[in-house]
Amino acid sequence: MKVTLALLALGAARLLAGCASGEGGSLSPFVAHGTTSSDSSTTSSTGSGGSDAKPSAEEFFKSAVYTAIEADCVSCHGKGSVGPQFLGTDGPEAYAHIKAFSSIVTSPKQSRLLTKGKHLGPALGAAQASVVTAWLELELTADPSLDTPPELTPVQQLEAFGKCIRKTEWDATNVHRIYKMTAKNQGNSVPCSSCHALGDNGAYLDANSQLMYEATQKLPYILKFASVSLKEDGTFSDIAFANRWTEKGTEGCPPVGNCHPKFVLDSQLTADINTLFTKTYEHWQNNDCVEPQAPSPKP
């Protein structure tokens with residue numbers, strides 16, 4: 001596999017340079033000797049019988065990129081099984097699909113194909129990344145508008161939302177009082193904070209309001225308050241109300257593991273949680289997340 005990828009990377013460099021291959025001086029298969037490609041933006045003829053041609057982005061993807069990533073990527077992303085379906089079962093089909101994914105067909109520094117790293121599948125190897133980078137640079141040459149500022153990832157959007165929770169509104173709604181709630185466990189009333197103080201067991205419910213506020217702004221604890229929705233291509237769509245503080249008390253038992261003790265939040269606390277989310281969402285949507293400063297006391 002490594003040898004194959006290395007040869008692909010070498011072939012990519014030769015194709016991009018428009019070099020002759022072999023001692024017989026035969027040219028790249030993308031450019032016939034003494035002719036000019038129909039794509040004048042990517043081909044130029046020389047006056048001495050040679051050519052300084054580059055393949056088009058589409059040609060290069062079909063011949064080099066798809067071959068380089070097929071073994072590692074197609075089983076999940078080209079056959080409808082796992083994750084965004086940005087590939088197909090062959091080069092032409094894959095190119096038609098991948099062009100619709102703006103998070104991939106963009107500058108190499110922000111393309112998710114290069115920045116995703118290890119996930120359920122492997123990260124691209126160095127030779128694969130080199131071929132993909134060469135292809136994306138061809139795409140940018142053909143269409144510079146693809147080099148747009150990177151969009152925030154879903155996780156980054158959620159982190160940005162968390163920073164919009166204002167302390168004044170946290171205090172005004174007094175959502176912090178969740179820590180005082182009790183749950184029924186084997187007939188006994190158990191304080192929620194007894195299991196979740198200082199962030200234990202996936203929730204941060206603590207008597208210290210400041211610490212609970214700061215934790216709720218960040219992952220993973222913000223997931224009890226807000227979540228993200230995604231578009232079909234796997235990119236960010238919107239922030240949604242998670243409401244896990246309320247729903248956790250009435251959900252059923254998981255297939256594996258222990259049941260969470262039952263509890264029901266009072267109606268006022270439920271309404272206050274909704275109010276805090278609504279106000280935070282407005283700040284986030286309006287890019288108005290800076291906490292207003294209290295006026296200075298008059299001398």
# chains A, B, ... in the order shown; residues from 1 in each chain; ligands from 1
$ closest_atom_pairs --of "stretch 258-294 of chain A" --to "stretch 152-161 of chain A" --cutoff "10 Å" --atoms "only C-alpha atoms" --output "tab-separated table"
residue	atom	partner	partner_atom	distance
A:Thr280	CA	A:Phe161	CA	7.5
A:Tyr281	CA	A:Phe161	CA	7.4
A:His283	CA	A:Phe161	CA	8.6
A:Trp284	CA	A:Phe161	CA	5.8
A:Gln285	CA	A:Phe161	CA	8.9
A:Asn287	CA	A:Phe161	CA	9.7
A:Cys289	CA	A:Phe161	CA	8.4
$ select_by_dssp --residues "stretch 32-251 of chain A" --states "alpha helix (DSSP H)" --output "PyMOL selection string"
chain A and resi 57-60+66-77+91-98+112-115+126-142+154-162+167-173+193-196+209-216+244-247
$ write_last_selection --atoms "C-alpha atoms" --output "PDB file, in the first residue's frame"
ATOM      1  CA  ALA A  57      -8.861  19.277 -11.721  1.00  0.00           C
ATOM      2  CA  GLU A  58     -11.507  16.788 -12.795  1.00  0.00           C
ATOM      3  CA  GLU A  59      -9.068  14.676 -14.790  1.00  0.00           C
ATOM      4  CA  PHE A  60      -6.561  14.662 -11.960  1.00  0.00           C
ATOM      5  CA  TYR A  66      -9.797   8.609  -6.327  1.00  0.00           C
ATOM      6  CA  THR A  67      -7.271   5.815  -6.721  1.00  0.00           C
ATOM      7  CA  ALA A  68      -5.283   7.125  -3.744  1.00  0.00           C
ATOM      8  CA  ILE A  69      -8.183   7.323  -1.282  1.00  0.00           C
ATOM      9  CA  GLU A  70     -10.503   4.613  -2.580  1.00  0.00           C
ATOM     10  CA  ALA A  71      -9.321   1.805  -0.299  1.00  0.00           C
ATOM     11  CA  ASP A  72      -9.604   3.850   2.897  1.00  0.00           C
ATOM     12  CA  CYS A  73     -12.644   6.037   2.210  1.00  0.00           C
ATOM     13  CA  VAL A  74     -15.135   4.481  -0.223  1.00  0.00           C
ATOM     14  CA  SER A  75     -16.496   1.761   2.058  1.00  0.00           C
ATOM     15  CA  CYS A  76     -17.918   4.415   4.414  1.00  0.00           C
ATOM     16  CA  HIS A  77     -18.295   7.518   2.247  1.00  0.00           C
ATOM     17  CA  GLY A  91     -13.835   8.166 -10.189  1.00  0.00           C
ATOM     18  CA  PRO A  92     -16.468   9.962 -12.341  1.00  0.00           C
ATOM     19  CA  GLU A  93     -19.273   9.299  -9.857  1.00  0.00           C
ATOM     20  CA  ALA A  94     -17.083  10.344  -6.928  1.00  0.00           C
ATOM     21  CA  TYR A  95     -16.104  13.612  -8.612  1.00  0.00           C
ATOM     22  CA  ALA A  96     -19.746  14.480  -9.288  1.00  0.00           C
ATOM     23  CA  HIS A  97     -20.572  13.886  -5.617  1.00  0.00           C
ATOM     24  CA  ILE A  98     -17.580  15.544  -3.992  1.00  0.00           C
ATOM     25  CA  ARG A 112     -12.248  18.506   5.786  1.00  0.00           C
ATOM     26  CA  LEU A 113     -10.731  15.747   3.685  1.00  0.00           C
ATOM     27  CA  LEU A 114      -7.318  16.883   4.968  1.00  0.00           C
ATOM     28  CA  THR A 115      -8.225  18.223   8.416  1.00  0.00           C
ATOM     29  CA  ALA A 126       1.319  11.693   3.749  1.00  0.00           C
ATOM     30  CA  ALA A 127       1.243  10.444   0.153  1.00  0.00           C
ATOM     31  CA  GLN A 128      -2.560  10.573   0.045  1.00  0.00           C
ATOM     32  CA  ALA A 129      -2.578  14.097   1.486  1.00  0.00           C
ATOM     33  CA  SER A 130      -0.026  15.203  -1.119  1.00  0.00           C
ATOM     34  CA  VAL A 131      -2.213  13.994  -3.981  1.00  0.00           C
ATOM     35  CA  VAL A 132      -5.356  15.545  -2.464  1.00  0.00           C
ATOM     36  CA  THR A 133      -3.534  18.860  -1.937  1.00  0.00           C
ATOM     37  CA  ALA A 134      -2.387  18.893  -5.572  1.00  0.00           C
ATOM     38  CA  TRP A 135      -5.965  18.315  -6.714  1.00  0.00           C
ATOM     39  CA  LEU A 136      -7.403  21.068  -4.493  1.00  0.00           C
ATOM     40  CA  GLU A 137      -4.809  23.530  -5.791  1.00  0.00           C
ATOM     41  CA  LEU A 138      -5.990  22.736  -9.326  1.00  0.00           C
ATOM     42  CA  GLU A 139      -9.569  23.370  -8.231  1.00  0.00           C
ATOM     43  CA  LEU A 140      -8.572  26.737  -6.740  1.00  0.00           C
ATOM     44  CA  THR A 141      -6.697  27.706  -9.894  1.00  0.00           C
ATOM     45  CA  ALA A 142      -9.827  27.029 -11.925  1.00  0.00           C
ATOM     46  CA  PRO A 154     -20.185  22.091  14.757  1.00  0.00           C
ATOM     47  CA  VAL A 155     -18.098  21.776  17.927  1.00  0.00           C
ATOM     48  CA  GLN A 156     -16.701  25.295  17.475  1.00  0.00           C
ATOM     49  CA  GLN A 157     -20.228  26.644  16.925  1.00  0.00           C
ATOM     50  CA  LEU A 158     -21.372  25.007  20.147  1.00  0.00           C
ATOM     51  CA  GLU A 159     -18.401  26.475  22.011  1.00  0.00           C
ATOM     52  CA  ALA A 160     -19.212  29.914  20.569  1.00  0.00           C
ATOM     53  CA  PHE A 161     -22.819  29.508  21.718  1.00  0.00           C
ATOM     54  CA  GLY A 162     -21.657  28.661  25.218  1.00  0.00           C
ATOM     55  CA  LYS A 167     -23.896  35.643  33.766  1.00  0.00           C
ATOM     56  CA  THR A 168     -26.511  38.319  34.452  1.00  0.00           C
ATOM     57  CA  GLU A 169     -29.170  36.158  32.775  1.00  0.00           C
ATOM     58  CA  TRP A 170     -27.881  33.021  34.476  1.00  0.00           C
ATOM     59  CA  ASP A 171     -28.349  34.781  37.803  1.00  0.00           C
ATOM     60  CA  ALA A 172     -31.718  36.312  36.843  1.00  0.00           C
ATOM     61  CA  THR A 173     -33.244  32.974  35.833  1.00  0.00           C
ATOM     62  CA  SER A 193     -25.583  17.286  43.494  1.00  0.00           C
ATOM     63  CA  SER A 194     -24.619  14.144  45.403  1.00  0.00           C
ATOM     64  CA  CYS A 195     -23.837  12.464  42.048  1.00  0.00           C
ATOM     65  CA  HIS A 196     -22.982  15.477  39.895  1.00  0.00           C
ATOM     66  CA  SER A 209     -23.132  28.988  41.032  1.00  0.00           C
ATOM     67  CA  GLN A 210     -20.056  30.584  39.445  1.00  0.00           C
ATOM     68  CA  LEU A 211     -18.349  27.237  38.874  1.00  0.00           C
ATOM     69  CA  MET A 212     -21.532  25.703  37.484  1.00  0.00           C
ATOM     70  CA  TYR A 213     -22.017  28.680  35.152  1.00  0.00           C
ATOM     71  CA  GLU A 214     -18.463  28.461  33.800  1.00  0.00           C
ATOM     72  CA  ALA A 215     -18.739  24.695  33.285  1.00  0.00           C
ATOM     73  CA  THR A 216     -22.099  24.951  31.519  1.00  0.00           C
ATOM     74  CA  ARG A 244     -31.355  17.356  28.929  1.00  0.00           C
ATOM     75  CA  TRP A 245     -31.661  18.797  32.431  1.00  0.00           C
ATOM     76  CA  THR A 246     -35.412  18.269  32.177  1.00  0.00           C
ATOM     77  CA  GLU A 247     -35.653  15.162  30.000  1.00  0.00           C
TER      78      GLU A 247
END
$ closest_residue --among "A:Phe225, A:Phe86, A:Tyr179, A:Phe263" --to "A:Ile239" --atoms "only C-alpha atoms"
A:Phe225
$ atom_distance --atom1 "atom CA of A:Ala207" --atom2 "atom CA of A:Ile178"
9.3 Å
$ closest_residue --among "A:Leu120, A:Thr182, A:Arg177, A:Ala271" --to "A:Asn208" --atoms "only C-alpha atoms"
A:Arg177
$ select_by_dssp --residues "stretch 62-260 of chain A" --states "strand (DSSP E or B)" --output "list of chain:residue names"
A:Thr182, A:Ala183, A:Lys184, A:Asn185, A:Asn188, A:Ser189, A:Val190, A:Pro191, A:Ala226, A:Ser227, A:Val228, A:Ser229, A:Leu230, A:Phe236, A:Ser237, A:Asp238, A:Ile239, A:Ala240, A:Phe241
$ write_last_selection --atoms "N, CA and C atoms" --output "PDB file, in the first residue's frame"
ATOM      1  N   THR A 182     -33.988  16.896  43.809  1.00  0.00           N
ATOM      2  CA  THR A 182     -33.759  15.532  44.274  1.00  0.00           C
ATOM      3  C   THR A 182     -34.370  14.538  43.294  1.00  0.00           C
ATOM      4  N   ALA A 183     -33.817  13.340  43.275  1.00  0.00           N
ATOM      5  CA  ALA A 183     -34.312  12.258  42.428  1.00  0.00           C
ATOM      6  C   ALA A 183     -34.656  11.065  43.309  1.00  0.00           C
ATOM      7  N   LYS A 184     -35.600  10.253  42.821  1.00  0.00           N
ATOM      8  CA  LYS A 184     -36.014   9.076  43.559  1.00  0.00           C
ATOM      9  C   LYS A 184     -35.155   7.881  43.156  1.00  0.00           C
ATOM     10  N   ASN A 185     -34.487   7.297  44.140  1.00  0.00           N
ATOM     11  CA  ASN A 185     -33.641   6.143  43.887  1.00  0.00           C
ATOM     12  C   ASN A 185     -33.919   5.075  44.948  1.00  0.00           C
ATOM     13  N   ASN A 188     -35.748   6.311  47.934  1.00  0.00           N
ATOM     14  CA  ASN A 188     -35.127   7.395  48.689  1.00  0.00           C
ATOM     15  C   ASN A 188     -34.994   8.650  47.827  1.00  0.00           C
ATOM     16  N   SER A 189     -35.047   9.801  48.438  1.00  0.00           N
ATOM     17  CA  SER A 189     -34.810  11.069  47.756  1.00  0.00           C
ATOM     18  C   SER A 189     -33.325  11.388  47.819  1.00  0.00           C
ATOM     19  N   VAL A 190     -32.720  11.492  46.638  1.00  0.00           N
ATOM     20  CA  VAL A 190     -31.269  11.693  46.561  1.00  0.00           C
ATOM     21  C   VAL A 190     -30.988  13.049  45.916  1.00  0.00           C
ATOM     22  N   PRO A 191     -30.238  13.937  46.560  1.00  0.00           N
ATOM     23  CA  PRO A 191     -29.904  15.233  45.944  1.00  0.00           C
ATOM     24  C   PRO A 191     -29.118  15.030  44.650  1.00  0.00           C
ATOM     25  N   ALA A 226     -27.680  22.637  25.255  1.00  0.00           N
ATOM     26  CA  ALA A 226     -27.781  22.933  23.824  1.00  0.00           C
ATOM     27  C   ALA A 226     -27.093  21.846  23.016  1.00  0.00           C
ATOM     28  N   SER A 227     -27.511  21.713  21.762  1.00  0.00           N
ATOM     29  CA  SER A 227     -26.900  20.759  20.847  1.00  0.00           C
ATOM     30  C   SER A 227     -26.833  21.397  19.465  1.00  0.00           C
ATOM     31  N   VAL A 228     -26.307  20.669  18.485  1.00  0.00           N
ATOM     32  CA  VAL A 228     -26.228  21.202  17.124  1.00  0.00           C
ATOM     33  C   VAL A 228     -27.000  20.295  16.179  1.00  0.00           C
ATOM     34  N   SER A 229     -27.540  20.902  15.114  1.00  0.00           N
ATOM     35  CA  SER A 229     -28.119  20.129  14.021  1.00  0.00           C
ATOM     36  C   SER A 229     -27.217  20.301  12.809  1.00  0.00           C
ATOM     37  N   LEU A 230     -27.185  19.285  11.949  1.00  0.00           N
ATOM     38  CA  LEU A 230     -26.274  19.260  10.811  1.00  0.00           C
ATOM     39  C   LEU A 230     -27.038  19.215   9.496  1.00  0.00           C
ATOM     40  N   PHE A 236     -22.322  22.277   9.699  1.00  0.00           N
ATOM     41  CA  PHE A 236     -23.190  22.870  10.720  1.00  0.00           C
ATOM     42  C   PHE A 236     -24.459  23.470  10.112  1.00  0.00           C
ATOM     43  N   SER A 237     -25.575  23.281  10.801  1.00  0.00           N
ATOM     44  CA  SER A 237     -26.837  23.895  10.373  1.00  0.00           C
ATOM     45  C   SER A 237     -27.348  24.910  11.393  1.00  0.00           C
ATOM     46  N   ASP A 238     -27.518  24.481  12.662  1.00  0.00           N
ATOM     47  CA  ASP A 238     -28.101  25.394  13.645  1.00  0.00           C
ATOM     48  C   ASP A 238     -27.831  24.878  15.056  1.00  0.00           C
ATOM     49  N   ILE A 239     -28.088  25.753  16.037  1.00  0.00           N
ATOM     50  CA  ILE A 239     -28.065  25.376  17.444  1.00  0.00           C
ATOM     51  C   ILE A 239     -29.480  24.986  17.844  1.00  0.00           C
ATOM     52  N   ALA A 240     -29.595  23.917  18.598  1.00  0.00           N
ATOM     53  CA  ALA A 240     -30.908  23.447  19.045  1.00  0.00           C
ATOM     54  C   ALA A 240     -30.939  23.351  20.573  1.00  0.00           C
ATOM     55  N   PHE A 241     -32.139  23.399  21.119  1.00  0.00           N
ATOM     56  CA  PHE A 241     -32.332  23.291  22.557  1.00  0.00           C
ATOM     57  C   PHE A 241     -32.212  21.824  22.951  1.00  0.00           C
TER      58      PHE A 241
END
$ atom_distance --atom1 "atom CA of A:Leu87" --atom2 "atom CA of A:Asp233"
11.6 Å
$ closest_residue --among "A:Asn174, A:Asn258, A:Ser145, A:Thr270" --to "A:Ser102" --atoms "only C-alpha atoms"
A:Ser145
$ atom_distance --atom1 "atom CA of A:Lys180" --atom2 "atom CA of A:Ala197"
10.9 Å
$ closest_residue --among "A:Asn201, A:Gln85, A:Thr275, A:Gln186" --to "A:Lys99" --atoms "only C-alpha atoms"
A:Gln85
$ closest_residue --among "A:Cys259, A:Leu198, A:Ser103, A:Arg166" --to "A:Val290" --atoms "only C-alpha atoms"
A:Arg166
$ closest_residue --among "A:Gly257, A:Gly249, A:Gly234, A:Gly83" --to "A:Ala100" --atoms "only C-alpha atoms"
A:Gly234
$ decode --residues "stretch 65-95 of chain A" --atoms "N, CA and C atoms" --output "mmCIF file, in the first residue's frame"
data_model
loop_
_atom_site.group_PDB
_atom_site.id
_atom_site.type_symbol
_atom_site.label_atom_id
_atom_site.label_comp_id
_atom_site.auth_asym_id
_atom_site.auth_seq_id
_atom_site.Cartn_x
_atom_site.Cartn_y
_atom_site.Cartn_z
ATOM 1 N N VAL A 65 -6.504 11.032 -7.545
ATOM 2 C CA VAL A 65 -7.034 11.192 -6.192
ATOM 3 C C VAL A 65 -7.926 10.021 -5.806
ATOM 4 N N TYR A 66 -8.876 9.687 -6.673
ATOM 5 C CA TYR A 66 -9.797 8.609 -6.327
ATOM 6 C C TYR A 66 -9.037 7.308 -6.071
ATOM 7 N N THR A 67 -8.066 7.028 -6.899
ATOM 8 C CA THR A 67 -7.271 5.815 -6.721
ATOM 9 C C THR A 67 -6.531 5.831 -5.387
ATOM 10 N N ALA A 68 -6.066 7.015 -4.976
ATOM 11 C CA ALA A 68 -5.283 7.125 -3.744
ATOM 12 C C ALA A 68 -6.115 6.928 -2.491
ATOM 13 N N ILE A 69 -7.373 7.368 -2.509
ATOM 14 C CA ILE A 69 -8.183 7.323 -1.282
ATOM 15 C C ILE A 69 -9.257 6.240 -1.306
ATOM 16 N N GLU A 70 -9.415 5.582 -2.430
ATOM 17 C CA GLU A 70 -10.503 4.613 -2.580
ATOM 18 C C GLU A 70 -10.505 3.554 -1.480
ATOM 19 N N ALA A 71 -9.371 2.923 -1.243
ATOM 20 C CA ALA A 71 -9.321 1.805 -0.299
ATOM 21 C C ALA A 71 -9.715 2.210 1.114
ATOM 22 N N ASP A 72 -9.352 3.421 1.525
ATOM 23 C CA ASP A 72 -9.604 3.850 2.897
ATOM 24 C C ASP A 72 -10.942 4.556 3.090
ATOM 25 N N CYS A 73 -11.508 5.132 2.037
ATOM 26 C CA CYS A 73 -12.644 6.037 2.210
ATOM 27 C C CYS A 73 -13.966 5.546 1.621
ATOM 28 N N VAL A 74 -13.907 4.788 0.518
ATOM 29 C CA VAL A 74 -15.135 4.481 -0.223
ATOM 30 C C VAL A 74 -16.098 3.600 0.559
ATOM 31 N N SER A 75 -15.591 2.672 1.360
ATOM 32 C CA SER A 75 -16.496 1.761 2.058
ATOM 33 C C SER A 75 -17.464 2.494 2.982
ATOM 34 N N CYS A 76 -17.039 3.632 3.545
ATOM 35 C CA CYS A 76 -17.918 4.415 4.414
ATOM 36 C C CYS A 76 -18.578 5.578 3.674
ATOM 37 N N HIS A 77 -17.818 6.262 2.823
ATOM 38 C CA HIS A 77 -18.295 7.518 2.247
ATOM 39 C C HIS A 77 -18.704 7.415 0.784
ATOM 40 N N GLY A 78 -18.761 6.195 0.244
ATOM 41 C CA GLY A 78 -19.183 6.059 -1.137
ATOM 42 C C GLY A 78 -20.208 4.986 -1.375
ATOM 43 N N LYS A 79 -20.568 4.263 -0.303
ATOM 44 C CA LYS A 79 -21.516 3.165 -0.477
ATOM 45 C C LYS A 79 -22.703 3.276 0.474
ATOM 46 N N GLY A 80 -22.945 4.496 0.962
ATOM 47 C CA GLY A 80 -24.139 4.752 1.750
ATOM 48 C C GLY A 80 -24.192 4.087 3.099
ATOM 49 N N SER A 81 -23.046 3.831 3.733
ATOM 50 C CA SER A 81 -23.067 3.112 5.001
ATOM 51 C C SER A 81 -22.817 4.004 6.214
ATOM 52 N N VAL A 82 -21.765 4.825 6.169
ATOM 53 C CA VAL A 82 -21.402 5.635 7.331
ATOM 54 C C VAL A 82 -20.963 7.022 6.872
ATOM 55 N N GLY A 83 -21.430 8.059 7.567
ATOM 56 C CA GLY A 83 -20.919 9.407 7.330
ATOM 57 C C GLY A 83 -21.401 10.037 6.032
ATOM 58 N N PRO A 84 -20.988 11.288 5.786
ATOM 59 C CA PRO A 84 -21.382 11.998 4.556
ATOM 60 C C PRO A 84 -20.962 11.218 3.315
ATOM 61 N N GLN A 85 -21.847 11.144 2.337
ATOM 62 C CA GLN A 85 -21.584 10.368 1.120
ATOM 63 C C GLN A 85 -20.994 11.279 0.042
ATOM 64 N N PHE A 86 -19.701 11.595 0.174
ATOM 65 C CA PHE A 86 -19.056 12.502 -0.770
ATOM 66 C C PHE A 86 -18.286 11.771 -1.867
ATOM 67 N N LEU A 87 -18.363 10.445 -1.883
ATOM 68 C CA LEU A 87 -17.685 9.678 -2.922
ATOM 69 C C LEU A 87 -18.686 8.791 -3.653
ATOM 70 N N GLY A 88 -18.222 8.085 -4.659
ATOM 71 C CA GLY A 88 -19.044 7.142 -5.402
ATOM 72 C C GLY A 88 -18.282 5.849 -5.578
ATOM 73 N N THR A 89 -18.783 5.000 -6.460
ATOM 74 C CA THR A 89 -18.153 3.694 -6.653
ATOM 75 C C THR A 89 -17.085 3.708 -7.736
ATOM 76 N N ASP A 90 -16.902 4.865 -8.398
ATOM 77 C CA ASP A 90 -15.792 5.014 -9.339
ATOM 78 C C ASP A 90 -15.413 6.489 -9.408
ATOM 79 N N GLY A 91 -14.343 6.801 -10.149
ATOM 80 C CA GLY A 91 -13.835 8.166 -10.189
ATOM 81 C C GLY A 91 -14.841 9.187 -10.686
ATOM 82 N N PRO A 92 -15.503 8.972 -11.839
ATOM 83 C CA PRO A 92 -16.468 9.962 -12.341
ATOM 84 C C PRO A 92 -17.630 10.203 -11.375
ATOM 85 N N GLU A 93 -18.170 9.140 -10.794
ATOM 86 C CA GLU A 93 -19.273 9.299 -9.857
ATOM 87 C C GLU A 93 -18.802 10.037 -8.603
ATOM 88 N N ALA A 94 -17.619 9.696 -8.120
ATOM 89 C CA ALA A 94 -17.083 10.344 -6.928
ATOM 90 C C ALA A 94 -16.869 11.834 -7.166
ATOM 91 N N TYR A 95 -16.351 12.194 -8.342
ATOM 92 C CA TYR A 95 -16.104 13.612 -8.612
ATOM 93 C C TYR A 95 -17.415 14.393 -8.643
#
